>>> print(open('data-v3.cif').read())   # mmCIF, C-alpha atoms
data_protein
loop_
_atom_site.group_PDB
_atom_site.id
_atom_site.type_symbol
_atom_site.label_atom_id
_atom_site.label_comp_id
_atom_site.auth_asym_id
_atom_site.auth_seq_id
_atom_site.Cartn_x
_atom_site.Cartn_y
_atom_site.Cartn_z
ATOM 1 C CA MET A 1 -13.272 19.857 58.468
ATOM 2 C CA LYS A 2 -15.350 17.754 56.097
ATOM 3 C CA THR A 3 -15.851 15.014 58.673
ATOM 4 C CA SER A 4 -17.119 17.399 61.355
ATOM 5 C CA LEU A 5 -19.495 19.012 58.864
ATOM 6 C CA ARG A 6 -20.874 15.587 57.909
ATOM 7 C CA VAL A 7 -21.324 14.620 61.558
ATOM 8 C CA TYR A 8 -23.046 17.935 62.293
ATOM 9 C CA THR A 9 -25.317 17.548 59.256
ATOM 10 C CA ALA A 10 -26.178 13.978 60.239
ATOM 11 C CA CYS A 11 -27.023 15.071 63.793
ATOM 12 C CA VAL A 12 -29.222 17.916 62.566
ATOM 13 C CA LEU A 13 -31.039 15.612 60.128
ATOM 14 C CA PHE A 14 -31.526 13.020 62.864
ATOM 15 C CA VAL A 15 -33.000 15.612 65.242
ATOM 16 C CA LEU A 16 -35.286 16.993 62.541
ATOM 17 C CA THR A 17 -36.446 13.514 61.517
ATOM 18 C CA ALA A 18 -37.049 12.477 65.128
ATOM 19 C CA SER A 19 -38.975 15.693 65.811
ATOM 20 C CA LEU A 20 -41.078 15.234 62.716
ATOM 21 C CA GLY A 21 -41.796 11.616 63.672
ATOM 22 C CA TRP A 22 -42.787 12.673 67.172
ATOM 23 C CA LEU A 23 -45.109 15.379 65.843
ATOM 24 C CA LEU A 24 -46.715 13.118 63.234
ATOM 25 C CA ALA A 25 -47.019 9.992 65.414
ATOM 26 C CA PRO A 26 -50.779 10.441 66.022
ATOM 27 C CA LEU A 27 -51.321 10.414 62.254
ATOM 28 C CA LEU A 28 -49.291 7.315 61.434
ATOM 29 C CA ILE A 29 -51.742 4.628 62.574
ATOM 30 C CA PRO A 30 -54.762 6.131 60.737
ATOM 31 C CA LEU A 31 -52.576 6.578 57.675
ATOM 32 C CA ILE A 32 -51.410 2.963 57.774
ATOM 33 C CA VAL A 33 -54.985 1.714 58.292
ATOM 34 C CA SER A 34 -56.303 3.815 55.406
ATOM 35 C CA VAL A 35 -53.572 2.587 53.053
ATOM 36 C CA ALA A 36 -54.290 -1.018 54.062
ATOM 37 C CA LEU A 37 -58.045 -0.564 53.526
ATOM 38 C CA TYR A 38 -57.413 0.965 50.123
ATOM 39 C CA ALA A 39 -55.127 -1.880 49.104
ATOM 40 C CA LEU A 40 -57.611 -4.510 50.284
ATOM 41 C CA LEU A 41 -60.792 -2.949 48.915
ATOM 42 C CA GLU A 42 -59.615 -1.439 45.635
ATOM 43 C CA PRO A 43 -60.035 -4.650 43.581
ATOM 44 C CA ALA A 44 -63.584 -5.151 44.879
ATOM 45 C CA VAL A 45 -64.477 -1.509 44.260
ATOM 46 C CA SER A 46 -63.097 -1.687 40.721
ATOM 47 C CA ARG A 47 -65.048 -4.861 40.001
ATOM 48 C CA LEU A 48 -68.287 -3.337 41.315
ATOM 49 C CA HIS A 49 -67.603 -0.218 39.251
ATOM 50 C CA ARG A 50 -67.088 -2.339 36.104
ATOM 51 C CA ILE A 51 -70.408 -4.089 36.788
ATOM 52 C CA GLY A 52 -72.150 -0.727 36.607
ATOM 53 C CA LEU A 53 -72.291 0.758 40.085
ATOM 54 C CA GLY A 54 -71.011 4.262 40.536
ATOM 55 C CA ARG A 55 -67.652 4.677 42.209
ATOM 56 C CA THR A 56 -69.150 6.080 45.428
ATOM 57 C CA ALA A 57 -71.772 3.333 45.581
ATOM 58 C CA SER A 58 -69.049 0.732 44.999
ATOM 59 C CA VAL A 59 -66.998 2.083 47.899
ATOM 60 C CA ILE A 60 -70.038 2.113 50.193
ATOM 61 C CA VAL A 61 -70.975 -1.462 49.254
ATOM 62 C CA ALA A 62 -67.408 -2.697 49.785
ATOM 63 C CA LEU A 63 -67.146 -0.986 53.189
ATOM 64 C CA LEU A 64 -70.536 -2.340 54.257
ATOM 65 C CA LEU A 65 -69.475 -5.855 53.271
ATOM 66 C CA VAL A 66 -66.298 -5.544 55.340
ATOM 67 C CA LEU A 67 -68.312 -4.210 58.264
ATOM 68 C CA LEU A 68 -70.750 -7.123 57.932
ATOM 69 C CA LEU A 69 -67.898 -9.650 57.843
ATOM 70 C CA LEU A 70 -66.288 -8.114 60.937
ATOM 71 C CA THR A 71 -69.619 -8.121 62.774
ATOM 72 C CA VAL A 72 -70.267 -11.782 61.940
ATOM 73 C CA ALA A 73 -66.723 -12.711 62.960
ATOM 74 C CA MET A 74 -67.103 -10.924 66.292
ATOM 75 C CA ALA A 75 -70.507 -12.538 66.856
ATOM 76 C CA LEU A 76 -68.935 -15.955 66.339
ATOM 77 C CA ILE A 77 -65.752 -15.315 68.322
ATOM 78 C CA ALA A 78 -67.108 -13.343 71.297
ATOM 79 C CA PRO A 79 -69.195 -16.119 72.919
ATOM 80 C CA ALA A 80 -66.329 -18.597 72.700
ATOM 81 C CA ALA A 81 -63.870 -16.073 74.113
ATOM 82 C CA SER A 82 -66.263 -15.160 76.897
ATOM 83 C CA ALA A 83 -66.809 -18.797 77.852
ATOM 84 C CA ARG A 84 -63.076 -19.404 77.836
ATOM 85 C CA GLY A 85 -62.534 -16.365 80.038
ATOM 86 C CA ASP A 86 -65.192 -17.574 82.474
ATOM 87 C CA ARG A 87 -63.508 -20.971 82.718
ATOM 88 C CA HIS A 88 -60.126 -19.365 83.192
ATOM 89 C CA ALA A 89 -61.385 -17.107 86.021
ATOM 90 C CA GLU A 90 -62.549 -20.081 88.085
#
>>> encode(input="data-v3.cif", output="structure tokens")
Amino acid sequence: MKTSLRVYTACVLFVLTASLGWLLAPLLIPLIVSVALYALLEPAVSRLHRIGLGRTASVIVALLLVLLLLTVAMALIAPAASARGDRHAE
């Protein structure tokens, strides 16, 4: 009796967990990205806050710096990737 109850409980928990994962799937990627951004930017935000900027201003500055770095990286990578794609298409 105990074994069948354990199997039944395990099956119910598996179904509930799978259903919850299926329902929350659209939220997982934004959640993972937000946790990663927090982990990457928190030291910079804390340093800017210690320097004397407000917490909100520190967050805005850190996000703008990341956006600037991504823009510069894309500006440097895109022409090379485009030229490579043009050569590959020929």
>>> residues_around(input="data-v3.cif", residues="A:Ile60", least_positions_apart="2", cutoff="12 Å", atoms="all atoms listed in the file", output="JSON, numbers by chain")
{"A": [41, 42, 44, 45, 48, 49, 53, 54, 55, 56, 57, 58, 62, 63, 64, 65, 66, 67]}
>>> atom_distance(input="data-v3.cif", atom1="atom CA of A:Pro43", atom2="atom CA of A:Leu68")
18.1 Å
>>> closest_residue(input="data-v3.cif", among="A:Leu24, A:Thr9, A:Val15, A:Val59", to="A:Tyr38", atoms="all atoms listed in the file")
A:Val59
>>> atom_distance(input="data-v3.cif", atom1="atom CA of A:Leu5", atom2="atom CA of A:Ser19")
20.9 Å
